[in-house]
>>> print(open('my_file-v6.cif').read())   # mmCIF, C-alpha atoms and all ligand atoms; chains and numbers go by the auth columns
data_data
loop_
_atom_site.group_PDB
_atom_site.id
_atom_site.type_symbol
_atom_site.label_atom_id
_atom_site.label_comp_id
_atom_site.label_asym_id
_atom_site.label_seq_id
_atom_site.Cartn_x
_atom_site.Cartn_y
_atom_site.Cartn_z
_atom_site.B_iso_or_equiv
_atom_site.auth_seq_id
_atom_site.auth_asym_id
ATOM 1 C CA MET A 1 0.000 0.000 0.000 0.00 1 A
ATOM 2 C CA SER A 2 1.334 3.426 -0.958 0.00 2 A
ATOM 3 C CA ARG A 3 1.562 6.120 1.686 0.00 3 A
ATOM 4 C CA TYR A 4 0.293 8.720 -0.755 0.00 4 A
ATOM 5 C CA ALA A 5 -3.081 9.563 -2.241 0.00 5 A
ATOM 6 C CA GLU A 6 -3.550 7.880 -5.603 0.00 6 A
ATOM 7 C CA PRO A 7 -2.877 10.972 -7.842 0.00 7 A
ATOM 8 C CA MET A 8 0.363 11.585 -5.951 0.00 8 A
ATOM 9 C CA SER A 9 1.669 8.012 -6.201 0.00 9 A
ATOM 10 C CA ARG A 10 0.688 7.981 -9.869 0.00 10 A
ATOM 11 C CA LEU A 11 2.828 11.071 -10.575 0.00 11 A
ATOM 12 C CA ILE A 12 5.716 9.657 -8.503 0.00 12 A
ATOM 13 C CA GLU A 13 5.559 6.396 -10.485 0.00 13 A
ATOM 14 C CA GLU A 14 5.718 8.315 -13.798 0.00 14 A
ATOM 15 C CA LEU A 15 8.594 10.556 -12.661 0.00 15 A
ATOM 16 C CA LYS A 16 10.575 7.510 -11.531 0.00 16 A
ATOM 17 C CA LYS A 17 10.692 6.376 -15.159 0.00 17 A
ATOM 18 C CA LEU A 18 12.894 9.379 -16.061 0.00 18 A
ATOM 19 C CA PRO A 19 16.630 8.674 -16.377 0.00 19 A
ATOM 20 C CA GLY A 20 18.546 9.439 -13.192 0.00 20 A
ATOM 21 C CA VAL A 21 15.389 9.910 -11.114 0.00 21 A
ATOM 22 C CA GLY A 22 15.039 7.584 -8.131 0.00 22 A
ATOM 23 C CA ALA A 23 12.208 7.284 -5.612 0.00 23 A
ATOM 24 C CA LYS A 24 13.437 10.183 -3.440 0.00 24 A
ATOM 25 C CA THR A 25 13.906 12.620 -6.312 0.00 25 A
ATOM 26 C CA ALA A 26 10.551 11.607 -7.803 0.00 26 A
ATOM 27 C CA GLN A 27 8.859 12.409 -4.474 0.00 27 A
ATOM 28 C CA ARG A 28 10.619 15.760 -4.304 0.00 28 A
ATOM 29 C CA TYR A 29 9.517 16.657 -7.851 0.00 29 A
ATOM 30 C CA ALA A 30 5.955 15.529 -7.202 0.00 30 A
ATOM 31 C CA PHE A 31 5.659 17.642 -4.041 0.00 31 A
ATOM 32 C CA HIS A 32 7.231 20.587 -5.843 0.00 32 A
ATOM 33 C CA ILE A 33 4.599 20.306 -8.580 0.00 33 A
ATOM 34 C CA LEU A 34 1.844 19.994 -5.941 0.00 34 A
ATOM 35 C CA ARG A 35 3.020 23.206 -4.272 0.00 35 A
ATOM 36 C CA SER A 36 3.436 25.131 -7.538 0.00 36 A
ATOM 37 C CA SER A 37 0.672 27.320 -8.984 0.00 37 A
ATOM 38 C CA ASP A 38 -2.097 25.859 -11.147 0.00 38 A
ATOM 39 C CA ASP A 39 -0.599 27.766 -14.104 0.00 39 A
ATOM 40 C CA ASP A 40 2.877 26.293 -13.644 0.00 40 A
ATOM 41 C CA ALA A 41 1.532 22.762 -13.251 0.00 41 A
ATOM 42 C CA ALA A 42 -0.647 23.199 -16.355 0.00 42 A
ATOM 43 C CA ALA A 43 2.321 24.598 -18.323 0.00 43 A
ATOM 44 C CA LEU A 44 4.379 21.519 -17.438 0.00 44 A
ATOM 45 C CA ALA A 45 1.591 19.140 -18.450 0.00 45 A
ATOM 46 C CA ASP A 46 1.060 21.107 -21.708 0.00 46 A
ATOM 47 C CA ALA A 47 4.771 21.044 -22.528 0.00 47 A
ATOM 48 C CA VAL A 48 4.878 17.254 -22.095 0.00 48 A
ATOM 49 C CA ARG A 49 1.772 16.781 -24.229 0.00 49 A
ATOM 50 C CA GLY A 50 2.975 19.274 -26.862 0.00 50 A
ATOM 51 C CA LEU A 51 6.295 17.503 -27.180 0.00 51 A
ATOM 52 C CA LYS A 52 4.698 14.291 -28.363 0.00 52 A
ATOM 53 C CA ALA A 53 2.025 16.022 -30.433 0.00 53 A
ATOM 54 C CA SER A 54 4.258 18.360 -32.448 0.00 54 A
ATOM 55 C CA LEU A 55 7.633 16.623 -32.684 0.00 55 A
ATOM 56 C CA ARG A 56 8.495 13.844 -35.082 0.00 56 A
ATOM 57 C CA LEU A 57 11.551 12.430 -36.817 0.00 57 A
ATOM 58 C CA CYS A 58 12.837 14.082 -39.992 0.00 58 A
ATOM 59 C CA SER A 59 12.050 11.762 -42.909 0.00 59 A
ATOM 60 C CA VAL A 60 15.495 12.446 -44.403 0.00 60 A
ATOM 61 C CA CYS A 61 17.906 12.382 -41.453 0.00 61 A
ATOM 62 C CA ASN A 62 15.870 11.117 -38.409 0.00 62 A
ATOM 63 C CA ASN A 63 16.603 14.267 -36.408 0.00 63 A
ATOM 64 C CA VAL A 64 13.848 15.258 -33.953 0.00 64 A
ATOM 65 C CA THR A 65 11.975 18.136 -35.572 0.00 65 A
ATOM 66 C CA ASP A 66 8.710 20.075 -35.709 0.00 66 A
ATOM 67 C CA VAL A 67 9.018 20.587 -39.485 0.00 67 A
ATOM 68 C CA ASP A 68 9.680 17.758 -41.929 0.00 68 A
ATOM 69 C CA PRO A 69 12.291 17.775 -43.505 0.00 69 A
ATOM 70 C CA CYS A 70 14.204 19.409 -40.661 0.00 70 A
ATOM 71 C CA ILE A 71 15.997 22.785 -40.755 0.00 71 A
ATOM 72 C CA TYR A 72 19.341 21.170 -41.612 0.00 72 A
ATOM 73 C CA CYS A 73 17.985 19.084 -44.492 0.00 73 A
ATOM 74 C CA THR A 74 16.342 22.137 -46.099 0.00 74 A
ATOM 75 C CA SER A 75 19.095 24.671 -45.386 0.00 75 A
ATOM 76 C CA PRO A 76 20.472 26.262 -48.580 0.00 76 A
ATOM 77 C CA THR A 77 23.654 27.289 -46.756 0.00 77 A
ATOM 78 C CA ARG A 78 24.628 23.788 -45.646 0.00 78 A
ATOM 79 C CA ASN A 79 26.438 21.238 -47.783 0.00 79 A
ATOM 80 C CA GLN A 80 23.742 18.636 -48.419 0.00 80 A
ATOM 81 C CA ARG A 81 26.360 16.248 -49.868 0.00 81 A
ATOM 82 C CA GLN A 82 28.344 15.942 -46.644 0.00 82 A
ATOM 83 C CA VAL A 83 26.567 13.810 -44.024 0.00 83 A
ATOM 84 C CA CYS A 84 27.662 13.493 -40.400 0.00 84 A
ATOM 85 C CA VAL A 85 26.376 10.270 -38.801 0.00 85 A
ATOM 86 C CA VAL A 86 25.580 10.463 -35.062 0.00 86 A
ATOM 87 C CA GLU A 87 24.016 8.103 -32.522 0.00 87 A
ATOM 88 C CA GLU A 88 21.389 10.371 -30.968 0.00 88 A
ATOM 89 C CA PRO A 89 19.659 13.658 -31.880 0.00 89 A
ATOM 90 C CA THR A 90 21.377 15.324 -28.883 0.00 90 A
ATOM 91 C CA ASN A 91 24.766 14.634 -30.518 0.00 91 A
ATOM 92 C CA ILE A 92 23.872 17.157 -33.248 0.00 92 A
ATOM 93 C CA ALA A 93 24.051 19.966 -30.674 0.00 93 A
ATOM 94 C CA ALA A 94 27.508 18.749 -29.628 0.00 94 A
ATOM 95 C CA VAL A 95 28.795 18.888 -33.222 0.00 95 A
ATOM 96 C CA GLU A 96 27.103 22.265 -33.821 0.00 96 A
ATOM 97 C CA ARG A 97 28.802 23.733 -30.736 0.00 97 A
ATOM 98 C CA ALA A 98 32.158 23.411 -32.496 0.00 98 A
ATOM 99 C CA ARG A 99 30.866 25.836 -35.215 0.00 99 A
ATOM 100 C CA GLU A 100 33.143 24.028 -37.613 0.00 100 A
ATOM 101 C CA TYR A 101 30.689 21.827 -39.492 0.00 101 A
ATOM 102 C CA LYS A 102 28.570 23.045 -42.399 0.00 102 A
ATOM 103 C CA GLY A 103 27.168 19.768 -43.690 0.00 103 A
ATOM 104 C CA VAL A 104 24.008 17.855 -42.738 0.00 104 A
ATOM 105 C CA TYR A 105 23.285 14.920 -40.428 0.00 105 A
ATOM 106 C CA HIS A 106 21.984 11.391 -40.130 0.00 106 A
ATOM 107 C CA VAL A 107 20.801 10.094 -36.752 0.00 107 A
ATOM 108 C CA LEU A 108 20.983 6.325 -36.158 0.00 108 A
ATOM 109 C CA HIS A 109 19.067 6.359 -32.828 0.00 109 A
ATOM 110 C CA GLY A 110 21.466 3.909 -31.218 0.00 110 A
ATOM 111 C CA THR A 111 24.512 1.790 -31.916 0.00 111 A
ATOM 112 C CA LEU A 112 24.979 -1.872 -32.709 0.00 112 A
ATOM 113 C CA SER A 113 25.028 -3.949 -29.556 0.00 113 A
ATOM 114 C CA PRO A 114 24.958 -7.715 -30.114 0.00 114 A
ATOM 115 C CA LEU A 115 24.952 -8.203 -26.310 0.00 115 A
ATOM 116 C CA HIS A 116 21.679 -6.300 -26.034 0.00 116 A
ATOM 117 C CA GLY A 117 20.236 -7.736 -29.220 0.00 117 A
ATOM 118 C CA VAL A 118 20.621 -4.539 -31.272 0.00 118 A
ATOM 119 C CA GLY A 119 21.519 -5.511 -34.846 0.00 119 A
ATOM 120 C CA PRO A 120 21.679 -3.418 -38.031 0.00 120 A
ATOM 121 C CA ASP A 121 17.921 -3.873 -38.533 0.00 121 A
ATOM 122 C CA GLN A 122 17.205 -2.045 -35.273 0.00 122 A
ATOM 123 C CA LEU A 123 19.152 1.039 -36.357 0.00 123 A
ATOM 124 C CA ARG A 124 17.684 3.688 -38.630 0.00 124 A
ATOM 125 C CA THR A 125 20.079 3.303 -41.545 0.00 125 A
ATOM 126 C CA SER A 126 17.808 2.945 -44.586 0.00 126 A
ATOM 127 C CA SER A 127 17.431 6.635 -45.478 0.00 127 A
ATOM 128 C CA LEU A 128 21.229 7.114 -45.254 0.00 128 A
ATOM 129 C CA LEU A 129 21.897 4.084 -47.468 0.00 129 A
ATOM 130 C CA ALA A 130 19.272 5.382 -49.928 0.00 130 A
ATOM 131 C CA ARG A 131 20.916 8.817 -50.071 0.00 131 A
ATOM 132 C CA VAL A 132 24.301 7.229 -50.780 0.00 132 A
ATOM 133 C CA GLU A 133 22.875 4.773 -53.326 0.00 133 A
ATOM 134 C CA ASN A 134 21.205 7.641 -55.169 0.00 134 A
ATOM 135 C CA GLY A 135 24.545 9.422 -55.472 0.00 135 A
ATOM 136 C CA GLU A 136 23.429 12.325 -53.266 0.00 136 A
ATOM 137 C CA VAL A 137 26.394 12.120 -50.879 0.00 137 A
ATOM 138 C CA ASP A 138 30.114 12.854 -51.336 0.00 138 A
ATOM 139 C CA GLU A 139 31.286 12.214 -47.772 0.00 139 A
ATOM 140 C CA VAL A 140 29.924 10.319 -44.772 0.00 140 A
ATOM 141 C CA ILE A 141 31.576 11.439 -41.529 0.00 141 A
ATOM 142 C CA VAL A 142 31.149 8.829 -38.807 0.00 142 A
ATOM 143 C CA ALA A 143 30.895 10.827 -35.554 0.00 143 A
ATOM 144 C CA ILE A 144 30.032 7.950 -33.228 0.00 144 A
ATOM 145 C CA SER A 145 31.535 7.578 -29.744 0.00 145 A
ATOM 146 C CA PRO A 146 34.710 5.432 -29.705 0.00 146 A
ATOM 147 C CA THR A 147 33.139 2.723 -27.534 0.00 147 A
ATOM 148 C CA LEU A 148 33.031 -0.996 -28.429 0.00 148 A
ATOM 149 C CA GLU A 149 29.479 -0.550 -29.756 0.00 149 A
ATOM 150 C CA GLY A 150 30.473 2.632 -31.570 0.00 150 A
ATOM 151 C CA GLU A 151 33.400 0.916 -33.267 0.00 151 A
ATOM 152 C CA ALA A 152 31.200 -2.017 -34.305 0.00 152 A
ATOM 153 C CA THR A 153 28.675 0.433 -35.738 0.00 153 A
ATOM 154 C CA ALA A 154 31.342 2.407 -37.627 0.00 154 A
ATOM 155 C CA ASN A 155 32.750 -0.806 -39.114 0.00 155 A
ATOM 156 C CA TRP A 156 29.305 -2.007 -40.118 0.00 156 A
ATOM 157 C CA LEU A 157 28.562 1.315 -41.824 0.00 157 A
ATOM 158 C CA ALA A 158 31.888 1.288 -43.678 0.00 158 A
ATOM 159 C CA GLY A 159 31.041 -2.225 -44.909 0.00 159 A
ATOM 160 C CA ALA A 160 27.498 -1.291 -45.937 0.00 160 A
ATOM 161 C CA LEU A 161 28.738 1.738 -47.911 0.00 161 A
ATOM 162 C CA ARG A 162 31.663 -0.081 -49.550 0.00 162 A
ATOM 163 C CA GLY A 163 31.484 -0.039 -53.310 0.00 163 A
ATOM 164 C CA PHE A 164 29.706 3.315 -53.546 0.00 164 A
ATOM 165 C CA PRO A 165 31.619 6.367 -54.753 0.00 165 A
ATOM 166 C CA VAL A 166 31.513 8.011 -51.327 0.00 166 A
ATOM 167 C CA LYS A 167 34.312 9.023 -48.970 0.00 167 A
ATOM 168 C CA ILE A 168 33.858 7.570 -45.471 0.00 168 A
ATOM 169 C CA THR A 169 35.705 9.315 -42.661 0.00 169 A
ATOM 170 C CA ARG A 170 35.778 8.826 -38.895 0.00 170 A
ATOM 171 C CA ILE A 171 36.230 11.710 -36.456 0.00 171 A
ATOM 172 C CA ALA A 172 39.665 11.690 -34.834 0.00 172 A
ATOM 173 C CA THR A 173 39.810 10.587 -31.213 0.00 173 A
ATOM 174 C CA GLY A 174 42.737 11.127 -28.932 0.00 174 A
ATOM 175 C CA VAL A 175 44.073 13.149 -26.056 0.00 175 A
ATOM 176 C CA PRO A 176 41.413 15.615 -24.819 0.00 176 A
ATOM 177 C CA ALA A 177 42.279 19.309 -25.101 0.00 177 A
ATOM 178 C CA GLY A 178 43.721 20.694 -21.887 0.00 178 A
ATOM 179 C CA SER A 179 44.742 17.301 -20.491 0.00 179 A
ATOM 180 C CA ASP A 180 48.159 15.791 -19.819 0.00 180 A
ATOM 181 C CA ILE A 181 49.302 12.994 -22.183 0.00 181 A
ATOM 182 C CA GLU A 182 50.770 11.324 -19.097 0.00 182 A
ATOM 183 C CA TYR A 183 47.239 10.156 -18.236 0.00 183 A
ATOM 184 C CA ALA A 184 46.159 8.919 -21.678 0.00 184 A
ATOM 185 C CA ASP A 185 45.490 5.168 -21.766 0.00 185 A
ATOM 186 C CA GLU A 186 47.074 3.081 -24.532 0.00 186 A
ATOM 187 C CA VAL A 187 43.983 2.981 -26.771 0.00 187 A
ATOM 188 C CA THR A 188 43.600 6.764 -26.565 0.00 188 A
ATOM 189 C CA MET A 189 47.299 7.263 -27.295 0.00 189 A
ATOM 190 C CA ALA A 190 47.210 4.836 -30.241 0.00 190 A
ATOM 191 C CA ARG A 191 44.210 6.727 -31.677 0.00 191 A
ATOM 192 C CA ALA A 192 45.865 10.087 -31.093 0.00 192 A
ATOM 193 C CA LEU A 193 48.919 8.935 -33.064 0.00 193 A
ATOM 194 C CA GLU A 194 46.775 7.431 -35.805 0.00 194 A
ATOM 195 C CA GLY A 195 44.791 10.682 -36.173 0.00 195 A
ATOM 196 C CA ARG A 196 47.870 12.905 -36.251 0.00 196 A
ATOM 197 C CA ARG A 197 48.072 15.697 -38.809 0.00 197 A
ATOM 198 C CA GLU A 198 50.852 17.699 -40.336 0.00 198 A
ATOM 199 C CA LEU A 199 51.865 20.936 -38.646 0.00 199 A
ATOM 200 C CA LYS A 200 52.127 23.724 -41.202 0.00 200 A
ATOM 201 C CA PHE A 201 54.251 26.795 -40.778 0.00 201 A
HETATM 202 ZN ZN ZN B . 16.687 16.283 -41.438 0.00 301 A
#
>>> encode(input="my_file-v6.cif", output="structure tokens", more="lines below")
Ligand SMILES: [Zn+2]
Amino acid sequence: MSRYAEPMSRLIEELKKLPGVGAKTAQRYAFHILRSSDDDAAALADAVRGLKASLRLCSVCNNVTDVDPCIYCTSPTRNQRQVCVVEEPTNIAAVERAREYKGVYHVLHGTLSPLHGVGPDQLRTSSLLARVENGEVDEVIVAISPTLEGEATANWLAGALRGFPVKITRIATGVPAGSDIEYADEVTMARALEGRRELKF
């Protein structure tokens, strides 16, 4: 038996489903919402409902968007022939923060993970393969985290795109900026050496 009235335990149960939210935090959030004004509580409920009602995946790149195709896929100032492949829609913001990239994106919504039963069929790859097959892409930049799953995914992609006239590149990984190479593990150091570039004077 729950100690709380039914509407309260129902909200706590829902909040507990959020990542990083345990029973204690869920209780704190629920009581905060109970104490907040009717307007604030309604605004929160509306925002949650509006999210599902107005957002969808871009039919070209699988980015989360309120317009389809998304702003990147329709942008006349971005190179539509250069496609950066990321795991999750949130990774786009990380690439954009560098203000370096002027191409477009493709979101896989996950990585291959044989241990968890995630095979190529579970990833959203078809629209990327179609773009490459139709000759619409010059370069595919694989910007997936250098984890075991990420490496498996990058290798799978390279295999799937083999034979098409497209350049496949992988973002360099290595020693993080501002850190001491003394603390780099051997995989990081090997990658840093592999991704080295010429210094020009
Ligand atoms: Zn898009």
>>> residues_near_ligand(input="my_file-v6.cif", ligand="ligand ZN 301 (chain A)", cutoff="8 Å", atoms="all atoms listed in the file", output="list in words")
Leu57, Cys58, Ser59, Val60, Cys61, Asn62, Asn63, Thr65, Asp68, Pro69, Cys70, Ile71, Tyr72, Cys73, Thr74, Val104, Tyr105 and His106 of chain A
>>> atom_distance(input="my_file-v6.cif", atom1="atom CA of A:Ala5", atom2="atom CA of A:Arg35")
15.1 Å
>>> atom_distance(input="my_file-v6.cif", atom1="atom CA of A:Pro165", atom2="atom CA of A:Arg131")
11.9 Å
>>> atom_distance(input="my_file-v6.cif", atom1="atom CA of A:Asp121", atom2="atom CA of A:Ala152")
14.1 Å
>>> axis_aligned_box(input="my_file-v6.cif", around="stretch 98-110 of chain A", padding_each_side="8 Å", output="JSON")
{"center_x": 26.1, "center_y": 14.9, "center_z": -37.5, "size_x": 30.1, "size_y": 37.9, "size_z": 28.5}
>>> closest_residue(input="my_file-v6.cif", among="A:Val118, A:Ile141, A:Val21, A:Ala26", to="A:Val85", atoms="all atoms listed in the file")
A:Ile141
>>> closest_residue(input="my_file-v6.cif", among="A:Leu11, A:Val64, A:Val86, A:Val95", to="A:Leu123", atoms="all atoms listed in the file")
A:Val86
>>> resolve_selection(input="my_file-v6.cif", expression="the PyMOL selection byres (((chain A and resi 76-79) around 7) and not hetatm)", output="ChimeraX atom specification")
/A:74-75,80-82,102-104
>>> resolve_selection(input="my_file-v6.cif", expression="the PyMOL selection byres (((chain A and resi 91) around 12) and not hetatm)", output="PyMOL selection string")
chain A and resi 63-64+84-90+92-98+105-110+142-145
>>> closest_residue(input="my_file-v6.cif", among="A:Ile168, A:Ala45, A:Leu157, A:Ala23", to="A:Val83", atoms="all atoms listed in the file")
A:Ile168
>>> resolve_selection(input="my_file-v6.cif", expression="the PyMOL selection byres (((chain A and resi 196) around 12) and not hetatm)", output="number ranges by chain")
A: 171-175, 189-195, 197-199
>>> residues_around(input="my_file-v6.cif", residues="A:Ser113", least_positions_apart="3", cutoff="12 Å", atoms="only C-alpha atoms", output="list in words")
Gly110, His116, Gly117, Val118, Gly119, Pro120, Asp121, Gln122, Leu123, Thr147, Leu148, Glu149, Gly150, Glu151, Ala152, Thr153 and Trp156 of chain A
>>> residues_near_point(input="my_file-v6.cif", point="(22.6, 4.7, -46.1)", cutoff="10 Å", atoms="only C-alpha atoms", output="VMD selection string")
chain A and resid 85 106 124 to 134 137 140 157 160 to 161
>>> write_last_selection(input="my_file-v6.cif", atoms="C-alpha atoms", output="PDB file, in the frame of the given file")
ATOM      1  CA  VAL A  85      26.376  10.270 -38.801  1.00  0.00           C
ATOM      2  CA  HIS A 106      21.984  11.391 -40.130  1.00  0.00           C
ATOM      3  CA  ARG A 124      17.684   3.688 -38.630  1.00  0.00           C
ATOM      4  CA  THR A 125      20.079   3.303 -41.545  1.00  0.00           C
ATOM      5  CA  SER A 126      17.808   2.945 -44.586  1.00  0.00           C
ATOM      6  CA  SER A 127      17.431   6.635 -45.478  1.00  0.00           C
ATOM      7  CA  LEU A 128      21.229   7.114 -45.254  1.00  0.00           C
ATOM      8  CA  LEU A 129      21.897   4.084 -47.468  1.00  0.00           C
ATOM      9  CA  ALA A 130      19.272   5.382 -49.928  1.00  0.00           C
ATOM     10  CA  ARG A 131      20.916   8.817 -50.071  1.00  0.00           C
ATOM     11  CA  VAL A 132      24.301   7.229 -50.780  1.00  0.00           C
ATOM     12  CA  GLU A 133      22.875   4.773 -53.326  1.00  0.00           C
ATOM     13  CA  ASN A 134      21.205   7.641 -55.169  1.00  0.00           C
ATOM     14  CA  VAL A 137      26.394  12.120 -50.879  1.00  0.00           C
ATOM     15  CA  VAL A 140      29.924  10.319 -44.772  1.00  0.00           C
ATOM     16  CA  LEU A 157      28.562   1.315 -41.824  1.00  0.00           C
ATOM     17  CA  ALA A 160      27.498  -1.291 -45.937  1.00  0.00           C
ATOM     18  CA  LEU A 161      28.738   1.738 -47.911  1.00  0.00           C
TER      19      LEU A 161
END
>>> residues_around(input="my_file-v6.cif", residues="A:Ile12", least_positions_apart="2", cutoff="10 Å", atoms="all atoms listed in the file", output="list of chain:residue names")
A:Tyr4, A:Glu6, A:Pro7, A:Met8, A:Ser9, A:Arg10, A:Glu14, A:Leu15, A:Lys16, A:Lys17, A:Gly22, A:Ala23, A:Lys24, A:Thr25, A:Ala26, A:Gln27, A:Arg28, A:Tyr29, A:Ala30, A:Phe31
>>> closest_residue(input="my_file-v6.cif", among="A:Lys52, A:His32, A:Arg99, A:Arg170", to="A:Asp66", atoms="only C-alpha atoms")
A:Lys52
